[in-house]
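Asks: Got a structure for you, entry.cif, holding mmCIF, C-alpha atoms.
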```
data_my_file
#
loop_
_atom_site.label_atom_id
_atom_site.label_comp_id
_atom_site.auth_asym_id
_atom_site.auth_seq_id
_atom_site.Cartn_x
_atom_site.Cartn_y
_atom_site.Cartn_z
CA MET A 5 -49.17 39.64 -118.59
CA THR A 6 -46.66 37.31 -120.26
CA GLY A 7 -47.04 35.83 -123.72
CA PRO A 8 -46.46 32.25 -124.77
CA ALA A 9 -43.37 30.78 -123.19
CA ASP A 10 -42.30 29.10 -126.37
CA GLY A 11 -42.82 32.16 -128.59
CA GLY A 12 -45.55 30.31 -130.48
CA LYS A 13 -49.22 31.13 -130.76
CA PRO A 14 -51.04 32.27 -127.62
CA THR A 15 -52.74 29.63 -125.50
CA LYS A 16 -56.50 29.69 -125.11
CA ALA A 17 -56.04 31.04 -121.59
CA GLU A 18 -53.89 33.92 -122.85
CA ALA A 19 -56.35 34.67 -125.62
CA ARG A 20 -59.20 34.78 -123.10
CA ARG A 21 -57.18 37.04 -120.81
CA LYS A 22 -56.45 39.38 -123.70
CA ALA A 23 -60.13 39.44 -124.67
CA LEU A 24 -61.08 40.19 -121.07
CA ARG A 25 -58.56 43.02 -120.90
CA THR A 26 -60.02 44.51 -124.07
CA ALA A 27 -63.57 44.21 -122.76
CA LEU A 28 -62.64 45.75 -119.40
CA VAL A 29 -60.78 48.67 -120.96
CA ALA A 30 -63.72 49.33 -123.28
CA ALA A 31 -66.17 49.19 -120.39
CA ALA A 32 -64.02 51.45 -118.17
CA GLU A 33 -63.50 53.91 -121.01
CA ARG A 34 -67.23 54.09 -121.66
CA ARG A 35 -68.08 54.57 -117.99
CA ILE A 36 -65.38 57.17 -117.39
CA ALA A 37 -66.52 59.11 -120.44
CA ALA A 38 -70.15 58.95 -119.31
CA ASP A 39 -69.93 59.35 -115.54
CA GLY A 40 -66.37 60.29 -114.67
CA LEU A 41 -63.60 58.47 -112.85
CA GLY A 42 -65.20 58.95 -109.44
CA ALA A 43 -68.17 56.78 -110.37
CA LEU A 44 -66.07 53.83 -111.53
CA ARG A 45 -66.82 50.60 -109.65
CA ALA A 46 -65.16 47.23 -110.17
CA ARG A 47 -68.48 45.39 -109.89
CA ASP A 48 -70.00 47.46 -112.72
CA LEU A 49 -67.02 46.71 -114.93
CA ALA A 50 -67.23 43.01 -114.15
CA ALA A 51 -70.91 43.04 -115.06
CA ASP A 52 -70.19 44.92 -118.30
CA ALA A 53 -67.44 42.47 -119.23
CA GLY A 54 -69.49 39.46 -118.21
CA CYS A 55 -66.93 38.19 -115.71
CA ALA A 56 -66.78 37.57 -111.98
CA LEU A 57 -65.52 40.43 -109.82
CA GLY A 58 -62.30 38.64 -108.96
CA ALA A 59 -61.67 37.78 -112.61
CA ILE A 60 -60.81 41.44 -113.22
CA TYR A 61 -57.56 40.78 -111.40
CA THR A 62 -56.57 38.02 -113.80
CA ALA A 63 -56.56 40.68 -116.52
CA PHE A 64 -55.06 43.57 -114.53
CA PRO A 65 -52.93 43.58 -111.37
CA ASP A 66 -55.31 46.19 -109.90
CA LEU A 67 -57.80 48.91 -110.85
CA ASP A 68 -54.98 51.46 -111.12
CA ALA A 69 -53.55 49.50 -114.04
CA LEU A 70 -56.96 49.41 -115.74
CA ILE A 71 -57.45 53.15 -115.28
CA LEU A 72 -53.98 53.80 -116.67
CA ALA A 73 -54.91 51.75 -119.73
CA VAL A 74 -57.94 54.00 -120.27
CA ASN A 75 -55.89 57.13 -119.66
CA LEU A 76 -53.37 55.90 -122.22
CA ARG A 77 -56.19 55.65 -124.76
CA THR A 78 -57.25 59.18 -123.83
CA LEU A 79 -53.74 60.44 -124.54
CA GLY A 80 -53.91 58.60 -127.87
CA LEU A 81 -57.23 60.26 -128.67
CA PHE A 82 -55.64 63.63 -128.00
CA GLU A 83 -52.60 62.79 -130.10
CA ALA A 84 -54.89 61.84 -132.99
CA ALA A 85 -56.69 65.18 -132.63
CA LEU A 86 -53.35 66.97 -133.07
CA GLY A 87 -52.90 65.57 -136.55
CA PRO A 88 -49.56 64.47 -137.99
CA GLU A 89 -46.29 65.68 -136.47
CA ALA A 90 -44.79 68.69 -138.19
CA ASP A 91 -41.40 70.32 -138.14
CA GLY A 92 -39.36 72.85 -140.11
CA PHE A 93 -40.92 75.77 -138.22
CA ASP A 94 -39.64 79.28 -138.56
CA ALA A 95 -40.05 81.59 -135.55
CA ALA A 96 -43.52 82.83 -136.54
CA GLY A 97 -44.67 79.34 -137.45
CA ALA A 98 -43.33 78.04 -134.15
CA ALA A 99 -45.43 80.53 -132.18
CA ASP A 100 -48.49 79.64 -134.29
CA GLU A 101 -47.89 75.95 -133.65
CA LEU A 102 -47.62 76.48 -129.89
CA VAL A 103 -50.92 78.37 -129.98
CA ARG A 104 -52.48 75.64 -132.12
CA LEU A 105 -51.38 72.95 -129.65
CA GLY A 106 -52.74 74.96 -126.71
CA GLN A 107 -56.09 75.52 -128.41
CA ALA A 108 -56.26 71.82 -129.29
CA TYR A 109 -55.69 71.01 -125.63
CA LEU A 110 -58.48 73.39 -124.57
CA ALA A 111 -60.83 71.92 -127.18
CA PHE A 112 -60.01 68.40 -126.02
CA ALA A 113 -60.56 69.28 -122.37
CA GLN A 114 -63.90 70.78 -123.27
CA GLY A 115 -65.01 68.09 -125.69
CA HIS A 116 -63.90 65.09 -123.61
CA ALA A 117 -64.22 66.65 -120.19
CA ARG A 118 -64.58 63.52 -118.05
CA ARG A 119 -61.90 61.56 -119.89
CA TRP A 120 -59.62 64.57 -119.62
CA ARG A 121 -60.23 65.02 -115.88
CA ALA A 122 -59.52 61.33 -115.30
CA LEU A 123 -55.96 62.00 -116.49
CA PHE A 124 -55.45 64.27 -113.48
CA GLN A 125 -57.78 62.78 -110.91
CA HIS A 126 -55.98 59.48 -110.96
CA GLN A 127 -53.24 59.21 -108.37
CA LEU A 128 -50.87 56.29 -108.36
CA ALA A 129 -50.10 54.75 -105.00
CA ASP A 130 -46.98 56.28 -103.48
CA GLY A 131 -43.73 55.28 -105.12
CA ARG A 132 -45.39 53.78 -108.18
CA ARG A 133 -44.56 55.19 -111.56
CA PRO A 134 -46.66 54.75 -114.65
CA PRO A 135 -45.80 51.89 -117.01
CA ASP A 136 -43.17 52.52 -119.68
CA GLY A 137 -45.79 52.64 -122.43
CA TYR A 138 -47.59 55.48 -120.67
CA VAL A 139 -44.40 57.46 -120.06
CA ALA A 140 -43.47 56.93 -123.73
CA GLU A 141 -46.81 58.32 -124.90
CA GLN A 142 -46.40 61.36 -122.63
CA ALA A 143 -42.91 61.87 -124.09
CA ARG A 144 -44.31 61.63 -127.62
CA LEU A 145 -46.86 64.33 -126.83
CA PHE A 146 -44.26 66.60 -125.24
CA ARG A 147 -42.09 66.27 -128.33
CA ARG A 148 -44.92 68.06 -130.16
CA ILE A 149 -44.06 71.09 -128.01
CA GLU A 150 -40.31 70.57 -128.20
CA ALA A 151 -40.32 70.80 -132.01
CA PRO A 152 -41.55 74.42 -132.26
CA LEU A 153 -39.51 75.26 -129.13
CA GLN A 154 -36.38 74.14 -130.94
CA ALA A 155 -37.18 76.59 -133.73
CA LEU A 156 -37.80 79.40 -131.23
CA ARG A 157 -34.75 78.58 -129.13
CA PRO A 158 -32.13 76.65 -131.10
CA ASP A 159 -29.64 77.70 -128.44
CA LEU A 160 -31.28 75.63 -125.71
CA PRO A 161 -29.64 72.32 -124.78
CA ALA A 162 -31.91 69.29 -125.14
CA LEU A 163 -32.54 68.87 -121.39
CA GLU A 164 -33.55 72.53 -121.05
CA ARG A 165 -35.86 72.16 -124.03
CA VAL A 166 -37.42 69.04 -122.51
CA LEU A 167 -38.03 70.88 -119.22
CA LEU A 168 -39.39 73.96 -120.93
CA ALA A 169 -41.85 71.92 -123.00
CA ARG A 170 -43.26 70.43 -119.80
CA SER A 171 -43.45 73.85 -118.14
CA LEU A 172 -45.19 75.36 -121.17
CA PHE A 173 -47.67 72.52 -121.02
CA SER A 174 -48.16 73.07 -117.28
CA ALA A 175 -48.90 76.76 -117.83
CA THR A 176 -51.39 75.91 -120.58
CA HIS A 177 -52.96 73.23 -118.42
CA GLY A 178 -53.43 75.76 -115.62
CA ILE A 179 -55.17 78.24 -117.89
CA VAL A 180 -57.42 75.55 -119.33
CA MET A 181 -58.20 73.90 -116.00
CA LEU A 182 -59.07 77.05 -114.08
CA GLY A 183 -60.70 78.62 -117.14
CA LEU A 184 -63.10 75.69 -117.57
CA ASP A 185 -63.58 75.11 -113.86
CA ALA A 186 -65.44 78.29 -112.97
CA ARG A 187 -63.57 78.44 -109.66
CA LEU A 188 -62.21 81.86 -110.41
CA MET A 189 -64.95 83.29 -112.54
CA VAL A 190 -67.50 81.88 -114.95
CA LEU A 191 -65.91 82.47 -118.35
CA PRO A 192 -67.27 81.76 -121.80
CA VAL A 193 -64.91 79.36 -123.51
CA ALA A 194 -64.31 82.00 -126.21
CA VAL A 195 -62.75 84.18 -123.52
CA VAL A 196 -60.52 81.33 -122.33
CA ARG A 197 -59.52 80.77 -125.96
CA ALA A 198 -58.55 84.43 -126.35
CA GLN A 199 -56.59 84.49 -123.08
CA LEU A 200 -54.77 81.31 -124.08
CA ASP A 201 -53.85 82.85 -127.43
CA LEU A 202 -52.61 86.02 -125.76
CA LEU A 203 -50.49 84.27 -123.14
CA ILE A 204 -49.00 81.56 -125.36
CA ARG A 205 -48.01 84.21 -127.91
CA ALA A 206 -46.53 86.32 -125.11
CA MET A 207 -44.52 83.33 -123.85
CA ALA A 208 -43.35 82.48 -127.36
CA SER A 209 -42.36 86.07 -128.05
CA GLY A 210 -40.63 86.47 -124.69
CA LEU A 211 -38.76 83.17 -125.10
CA ALA A 212 -37.64 84.11 -128.61
CA ASN A 213 -36.35 87.47 -127.38
CA ALA A 214 -34.46 85.83 -124.50
CA GLY A 215 -32.83 83.56 -127.08
CA GLY A 216 -31.90 86.50 -129.24
CA ALA A 217 -30.38 88.18 -126.19
CA ALA A 218 -28.55 84.98 -125.30
CA ALA A 219 -27.14 84.79 -128.81
CA ALA A 220 -26.07 88.45 -128.81
CA MET B 6 -75.78 84.15 -88.79
CA THR B 7 -77.63 87.30 -87.79
CA GLY B 8 -76.50 89.70 -85.12
CA PRO B 9 -78.60 91.35 -82.44
CA ALA B 10 -81.93 92.54 -83.76
CA ASP B 11 -81.77 95.75 -81.80
CA GLY B 12 -78.18 96.61 -82.79
CA GLY B 13 -77.12 96.30 -79.15
CA LYS B 14 -74.72 93.88 -77.55
CA PRO B 15 -74.85 90.25 -78.71
CA THR B 16 -77.07 87.86 -76.76
CA LYS B 17 -75.50 84.99 -74.86
CA ALA B 18 -76.72 82.62 -77.57
CA GLU B 19 -75.05 84.68 -80.29
CA ALA B 20 -71.84 84.89 -78.26
CA ARG B 21 -71.84 81.10 -77.83
CA ARG B 22 -72.48 80.59 -81.54
CA LYS B 23 -69.60 82.91 -82.39
CA ALA B 24 -67.31 81.06 -79.97
CA LEU B 25 -68.36 77.73 -81.50
CA ARG B 26 -67.67 79.03 -85.02
CA THR B 27 -64.20 80.14 -83.91
CA ALA B 28 -63.49 76.78 -82.27
CA LEU B 29 -64.72 74.85 -85.31
CA VAL B 30 -62.70 76.91 -87.77
CA ALA B 31 -59.60 76.50 -85.61
CA ALA B 32 -60.16 72.74 -85.40
CA ALA B 33 -60.83 72.39 -89.13
CA GLU B 34 -57.80 74.51 -89.98
CA ARG B 35 -55.58 72.39 -87.75
CA ARG B 36 -56.89 69.11 -89.17
CA ILE B 37 -56.68 70.25 -92.80
CA ALA B 38 -53.11 71.44 -92.26
CA ALA B 39 -52.16 68.15 -90.60
CA ASP B 40 -54.09 65.54 -92.60
CA GLY B 41 -55.57 67.25 -95.63
CA LEU B 42 -59.13 68.06 -96.63
CA GLY B 43 -59.94 64.47 -97.54
CA ALA B 44 -59.54 63.35 -93.93
CA LEU B 45 -61.91 65.94 -92.50
CA ARG B 46 -64.83 64.43 -90.56
CA ALA B 47 -67.62 66.33 -88.87
CA ARG B 48 -67.52 64.05 -85.83
CA ASP B 49 -63.82 64.80 -85.26
CA LEU B 50 -64.49 68.52 -85.45
CA ALA B 51 -67.39 68.24 -83.02
CA ALA B 52 -65.14 66.34 -80.61
CA ASP B 53 -62.39 68.96 -80.99
CA ALA B 54 -64.83 71.79 -80.36
CA GLY B 55 -66.55 69.98 -77.48
CA CYS B 56 -69.99 70.10 -79.06
CA ALA B 57 -72.56 67.59 -80.30
CA LEU B 58 -72.36 66.59 -83.95
CA GLY B 59 -75.57 68.40 -84.84
CA ALA B 60 -74.43 71.53 -83.03
CA ILE B 61 -71.96 72.17 -85.85
CA TYR B 62 -74.95 73.16 -87.96
CA THR B 63 -75.98 75.90 -85.54
CA ALA B 64 -72.65 77.54 -86.29
CA PHE B 65 -72.46 76.82 -90.04
CA PRO B 66 -75.19 76.02 -92.56
CA ASP B 67 -73.08 73.04 -93.71
CA LEU B 68 -69.53 71.71 -93.87
CA ASP B 69 -68.94 73.56 -97.16
CA ALA B 70 -69.33 76.85 -95.32
CA LEU B 71 -66.85 75.74 -92.64
CA ILE B 72 -64.30 74.63 -95.23
CA LEU B 73 -64.71 77.96 -97.04
CA ALA B 74 -63.98 79.74 -93.77
CA VAL B 75 -60.73 77.79 -93.46
CA ASN B 76 -59.84 78.41 -97.11
CA LEU B 77 -60.46 82.11 -96.54
CA ARG B 78 -57.91 82.03 -93.73
CA THR B 79 -55.49 80.23 -96.05
CA LEU B 80 -55.85 83.01 -98.61
CA GLY B 81 -55.20 85.49 -95.79
CA LEU B 82 -52.08 83.59 -94.82
CA PHE B 83 -50.85 83.82 -98.38
CA GLU B 84 -51.69 87.52 -98.58
CA ALA B 85 -49.66 88.12 -95.42
CA ALA B 86 -46.72 86.25 -96.96
CA LEU B 87 -46.80 88.67 -99.90
CA GLY B 88 -46.04 91.63 -97.68
CA PRO B 89 -47.53 95.08 -98.15
CA GLU B 90 -49.08 96.12 -101.46
CA ALA B 91 -46.74 98.04 -103.73
CA ASP B 92 -47.21 100.17 -106.80
CA GLY B 93 -45.32 102.68 -108.91
CA PHE B 94 -43.66 99.93 -110.93
CA ASP B 95 -41.63 100.66 -114.03
CA ALA B 96 -41.53 97.95 -116.73
CA ALA B 97 -38.51 96.13 -115.26
CA GLY B 98 -39.88 96.39 -111.74
CA ALA B 99 -43.23 95.10 -112.94
CA ALA B 100 -41.63 91.95 -114.38
CA ASP B 101 -39.65 91.45 -111.16
CA GLU B 102 -42.84 91.82 -109.12
CA LEU B 103 -44.68 89.25 -111.23
CA VAL B 104 -41.79 86.82 -110.72
CA ARG B 105 -41.76 87.59 -106.98
CA LEU B 106 -45.50 86.88 -106.74
CA GLY B 107 -45.11 83.62 -108.65
CA GLN B 108 -42.22 82.46 -106.47
CA ALA B 109 -44.20 83.40 -103.34
CA TYR B 110 -47.05 81.25 -104.64
CA LEU B 111 -44.71 78.32 -105.24
CA ALA B 112 -43.18 78.73 -101.77
CA PHE B 113 -46.63 78.86 -100.20
CA ALA B 114 -47.81 75.76 -102.06
CA GLN B 115 -44.71 73.94 -100.90
CA GLY B 116 -44.70 75.20 -97.33
CA HIS B 117 -48.44 74.84 -96.67
CA ALA B 118 -49.13 71.99 -99.07
CA ARG B 119 -52.31 70.57 -97.52
CA ARG B 120 -53.88 73.95 -96.83
CA TRP B 121 -53.03 74.99 -100.37
CA ARG B 122 -54.48 71.83 -101.92
CA ALA B 123 -57.69 72.32 -99.93
CA LEU B 124 -58.24 75.55 -101.87
CA PHE B 125 -58.57 73.48 -105.07
CA GLN B 126 -59.96 70.20 -103.79
CA HIS B 127 -63.02 71.86 -102.41
CA GLN B 128 -65.93 71.90 -104.82
CA LEU B 129 -69.05 73.84 -104.05
CA ALA B 130 -72.36 72.15 -104.77
CA ASP B 131 -73.61 73.03 -108.27
CA GLY B 132 -74.88 76.54 -108.66
CA ARG B 133 -73.43 77.77 -105.41
CA ARG B 134 -70.99 80.61 -105.43
CA PRO B 135 -68.57 81.44 -102.65
CA PRO B 136 -69.64 84.07 -100.10
CA ASP B 137 -68.94 87.70 -100.89
CA GLY B 138 -66.11 87.86 -98.35
CA TYR B 139 -64.31 85.04 -100.11
CA VAL B 140 -64.75 86.58 -103.55
CA ALA B 141 -63.51 89.90 -102.16
CA GLU B 142 -60.34 88.28 -100.80
CA GLN B 143 -59.70 86.60 -104.15
CA ALA B 144 -60.15 89.99 -105.85
CA ARG B 145 -57.72 91.59 -103.40
CA LEU B 146 -55.11 88.95 -104.25
CA PHE B 147 -55.64 89.35 -107.99
CA ARG B 148 -55.16 93.09 -107.64
CA ARG B 149 -51.59 92.27 -106.60
CA ILE B 150 -51.09 90.97 -110.14
CA GLU B 151 -53.10 93.74 -111.78
CA ALA B 152 -50.82 96.44 -110.33
CA PRO B 153 -47.62 95.36 -112.14
CA LEU B 154 -49.73 94.44 -115.18
CA GLN B 155 -50.94 98.01 -115.35
CA ALA B 156 -47.34 99.19 -115.49
CA LEU B 157 -46.50 96.67 -118.22
CA ARG B 158 -49.65 97.34 -120.22
CA PRO B 159 -51.11 100.79 -119.45
CA ASP B 160 -53.03 100.45 -122.71
CA LEU B 161 -55.19 97.61 -121.45
CA PRO B 162 -58.75 98.45 -120.40
CA ALA B 163 -59.59 97.47 -116.83
CA LEU B 164 -61.66 94.41 -117.77
CA GLU B 165 -58.85 93.05 -119.96
CA ARG B 166 -56.38 93.63 -117.16
CA VAL B 167 -58.65 91.82 -114.69
CA LEU B 168 -58.94 88.84 -117.07
CA LEU B 169 -55.22 88.79 -117.79
CA ALA B 170 -54.34 88.80 -114.09
CA ARG B 171 -56.47 85.70 -113.58
CA SER B 172 -54.96 84.00 -116.63
CA LEU B 173 -51.43 84.80 -115.46
CA PHE B 174 -52.31 83.30 -112.11
CA SER B 175 -53.78 80.23 -113.82
CA ALA B 176 -50.60 79.70 -115.81
CA THR B 177 -48.48 80.05 -112.65
CA HIS B 178 -50.80 77.71 -110.77
CA GLY B 179 -50.41 75.10 -113.51
CA ILE B 180 -46.62 75.25 -113.37
CA VAL B 181 -46.64 75.04 -109.57
CA MET B 182 -49.25 72.31 -109.37
CA LEU B 183 -47.75 69.96 -111.94
CA GLY B 184 -44.21 70.85 -110.87
CA LEU B 185 -44.88 69.85 -107.26
CA ASP B 186 -47.12 66.93 -108.15
CA ALA B 187 -44.54 64.66 -109.76
CA ARG B 188 -47.16 63.55 -112.31
CA LEU B 189 -45.02 64.66 -115.22
CA MET B 190 -41.58 64.13 -113.81
CA VAL B 191 -40.02 64.25 -110.37
CA LEU B 192 -38.48 67.70 -110.25
CA PRO B 193 -36.43 69.32 -107.51
CA VAL B 194 -38.21 72.46 -106.39
CA ALA B 195 -35.17 74.49 -107.46
CA VAL B 196 -35.87 73.40 -111.03
CA VAL B 197 -39.54 74.41 -110.73
CA ARG B 198 -38.37 77.77 -109.35
CA ALA B 199 -36.08 78.29 -112.34
CA GLN B 200 -38.77 77.30 -114.86
CA LEU B 201 -41.25 79.63 -113.18
CA ASP B 202 -38.76 82.50 -113.38
CA LEU B 203 -38.09 81.78 -117.04
CA LEU B 204 -41.73 81.56 -118.07
CA ILE B 205 -43.05 84.49 -116.01
CA ARG B 206 -40.27 86.69 -117.39
CA ALA B 207 -41.07 85.47 -120.90
CA MET B 208 -44.76 86.28 -120.41
CA ALA B 209 -43.95 89.71 -118.97
CA SER B 210 -41.55 90.49 -121.80
CA GLY B 211 -43.96 89.22 -124.47
CA LEU B 212 -46.85 91.18 -122.97
CA ALA B 213 -44.79 94.36 -122.77
CA ASN B 214 -43.77 93.98 -126.42
CA ALA B 215 -47.35 93.42 -127.51
CA GLY B 216 -48.25 96.62 -125.69
CA GLY B 217 -45.46 98.50 -127.42
CA ALA B 218 -46.71 97.19 -130.75
CA ALA B 219 -50.27 98.18 -129.81
CA ALA B 220 -49.08 101.68 -128.97
CA ALA B 221 -47.08 102.00 -132.21
#
```
Can the structure in the file be given as structure tokens, please?

Replies:
Amino acid sequence: MTGPADGGKPTKAEARRKALRTALVAAAERRIAADGLGALRARDLAADAGCALGAIYTAFPDLDALILAVNLRTLGLFEAALGPEADGFDAAGAADELVRLGQAYLAFAQGHARRWRALFQHQLADGRRPPDGYVAEQARLFRRIEAPLQALRPDLPALERVLLARSLFSATHGIVMLGLDARLMVLPVAVVRAQLDLLIRAMASGLANAGGAAAA
Amino acid sequence: MTGPADGGKPTKAEARRKALRTALVAAAERRIAADGLGALRARDLAADAGCALGAIYTAFPDLDALILAVNLRTLGLFEAALGPEADGFDAAGAADELVRLGQAYLAFAQGHARRWRALFQHQLADGRRPPDGYVAEQARLFRRIEAPLQALRPDLPALERVLLARSLFSATHGIVMLGLDARLMVLPVAVVRAQLDLLIRAMASGLANAGGAAAA
């Protein structure tokens, strides 16, 4: 939504719209965390925010945009859980960091299960891409993986490193998702943790060796 | 559904029920392949099979059981795509086989996208586990991964190998699912193929090294 045309202080209408957006995001976040994305209903959100049903669409173009705003906060919650960015990894430290990131992801998925699932249950209508702010937050999170990857594989060009970070995340996501989902077998989370450790270390070790071979 | 009580030839009623089950599975399979699991409606299936809506439930206890029957056929389709079981791998052959299995999974997910997604979209009601035949087919498919794993890690006890096969699959599934899903980035499938190769080889190499270290 646009700000003041003259660059001055926001009008009362803009201030109300901003307050409504905040109230709706808070309400949606609370409901998604409590009952999951599938239970989200516009009329409940309107009631929570104290507005008419149609008024939602003065704050957001559609429900997709509202859900994306909640998902962006979820990504922020995860980023906060990771702690401050680090760098200057040696090879052993890089592997430890990749394991740490993977375990943090598992812990987040377990501790904020419904918020986490909403990240993946939400499909944008065909041809729509997420807003720039969302893509930027995803990129910031992937850079957390790229940093230790750069230490493990300084030979890799930036684009390869960017791709590999996303693939490493995808592999971790698969282990976490199916491990917590009981579709394959009912596993205690301690077992998922151990498998994640084993496989991330194997990937880190195998990637490092491939780099050594490439350098040789 | 039970067979003849006296162990003799099936009654006409049992033969009709069997024929209805076959017709319903064929109809459900066709519709899932064409329009996806989300579009499946009992009334469409009844119309396809030429039976009353309620008659479906003489053939299957519920729609879940029918969908499981289709998903079982999908697993069988994938198993057929893998070709005959092999063994006698050396370490290099084992890594190649793991890559081959992963690429076959990617190709299957791409070539039978709706059938493949139905495997993961379908949630059983809480507390229900899949029928023994389904679990047995899953186990048969996982043994395809356990065979090369045994060659890479002869030191691993059977239970560890069983767990690791499922985790390796989960990692592969994550790469395939997010790679094909365009949620992270729109990737040509050739790029997903290359990333899968890279990461499966890294995992195989890292696992083999960990085994060598364990043996040392």

Asks: Counting all atoms listed in the file, what is within 8 Å of segment 133-141 of chain A, bar same-chain residues fewer than 2 positions away, as a PyMOL selection string?

Replies: chain A and resi 72+76+79-80+128+131+143-145

Asks: Pick out the chain B residues within 7 Å of chain A. Count all atoms listed in the file. Give them as a list in words.

Replies: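 Going by the stated atoms only, the list reads Leu169, Ser172, Ser175, Ala176, Thr177, His178, Gly179, Ile180, Leu183, Gln200, Leu204, Ala207, Met208, Ser210, Gly211 and Leu212 of chain B.
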
Asks: Have a look at B:Phe113, B:Leu106, B:Ala47, B:Arg158 and name the one nearest to Asp67 of chain B; count only C-alpha atoms.

Replies: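 Among the listed residues, B:Ala47 lies closest to Asp67 of chain B.
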
Asks: Atom CA of Leu102 of chain A to atom CA of Arg148 of chain A: how many Å, to one decimal?

Replies: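 Rounded to one decimal, the two atoms are 8.8 Å apart.
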
Asks: With distances taken over only C-alpha atoms, which residue among A:Ile60, A:Ala53, A:Ala73, A:Ile149 lies nearest Arg104 of chain A?

Replies: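 For Arg104 of chain A, the nearest of the candidates is A:Ile149.
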
Asks: What is the distance, in Å and to one decimal place, between atom CA of Pro159 of chain B and atom CA of Ala91 of chain B?

Replies: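 Computing the Euclidean distance for atom CA of Pro159 of chain B and atom CA of Ala91 of chain B yields 16.5 Å.
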
Asks: So, with all atoms listed in the file as the atoms that count, which of B:Pro153, B:Ala64, B:His117, B:Arg148 lies closest to Glu102 of chain B?

Replies: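 The answer is B:Pro153, which sits nearest to Glu102 of chain B.
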
Asks: Output the residue selection produced by the PyMOL selection byres ((chain B and resi 35) around 12) on the file above, formatted as a list in words.

Replies: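 For this structure, the PyMOL selection byres ((chain B and resi 35) around 12) captures Ala28, Leu29, Val30, Ala31, Ala32, Ala33, Glu34, Arg36, Ile37, Ala38, Ala39, Asp40, Gly41, Leu42, Ala44, Leu45, Asp49, Leu50, Asp53, Ala54, Ile72, Val75, Asn76, Arg78, Thr79, His117, Arg119 and Arg120 of chain B.
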
Asks: Can I get the selection written as a short mmCIF file (atom, residue, chain, number, x, y, z; two decimals), keeping the file's coordinate frame, with C-alpha atoms?

Replies:
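Output below, filename selection23.cif:
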```cif
data_model
loop_
_atom_site.label_atom_id
_atom_site.label_comp_id
_atom_site.auth_asym_id
_atom_site.auth_seq_id
_atom_site.Cartn_x
_atom_site.Cartn_y
_atom_site.Cartn_z
CA ALA B 28 -63.49 76.78 -82.27
CA LEU B 29 -64.72 74.85 -85.31
CA VAL B 30 -62.70 76.91 -87.77
CA ALA B 31 -59.60 76.50 -85.61
CA ALA B 32 -60.16 72.74 -85.40
CA ALA B 33 -60.83 72.39 -89.13
CA GLU B 34 -57.80 74.51 -89.98
CA ARG B 36 -56.89 69.11 -89.17
CA ILE B 37 -56.68 70.25 -92.80
CA ALA B 38 -53.11 71.44 -92.26
CA ALA B 39 -52.16 68.15 -90.60
CA ASP B 40 -54.09 65.54 -92.60
CA GLY B 41 -55.57 67.25 -95.63
CA LEU B 42 -59.13 68.06 -96.63
CA ALA B 44 -59.54 63.35 -93.93
CA LEU B 45 -61.91 65.94 -92.50
CA ASP B 49 -63.82 64.80 -85.26
CA LEU B 50 -64.49 68.52 -85.45
CA ASP B 53 -62.39 68.96 -80.99
CA ALA B 54 -64.83 71.79 -80.36
CA ILE B 72 -64.30 74.63 -95.23
CA VAL B 75 -60.73 77.79 -93.46
CA ASN B 76 -59.84 78.41 -97.11
CA ARG B 78 -57.91 82.03 -93.73
CA THR B 79 -55.49 80.23 -96.05
CA HIS B 117 -48.44 74.84 -96.67
CA ARG B 119 -52.31 70.57 -97.52
CA ARG B 120 -53.88 73.95 -96.83
#
```

Asks: Name the closest residue to Leu68 of chain B among the candidates B:Arg46, B:Lys23, B:Arg198, B:Arg122; distances are taken between atoms, counting all atoms listed in the file.

Replies: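 Among the listed residues, B:Arg46 lies closest to Leu68 of chain B.
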
Asks: From the options A:Leu163, A:Ala155, A:Ala169, A:Leu110, which residue's atoms come nearest to Asp201 of chain A, counting all atoms listed in the file?

Replies: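 With all atoms listed in the file as the atom set, the closest residue is A:Leu110.
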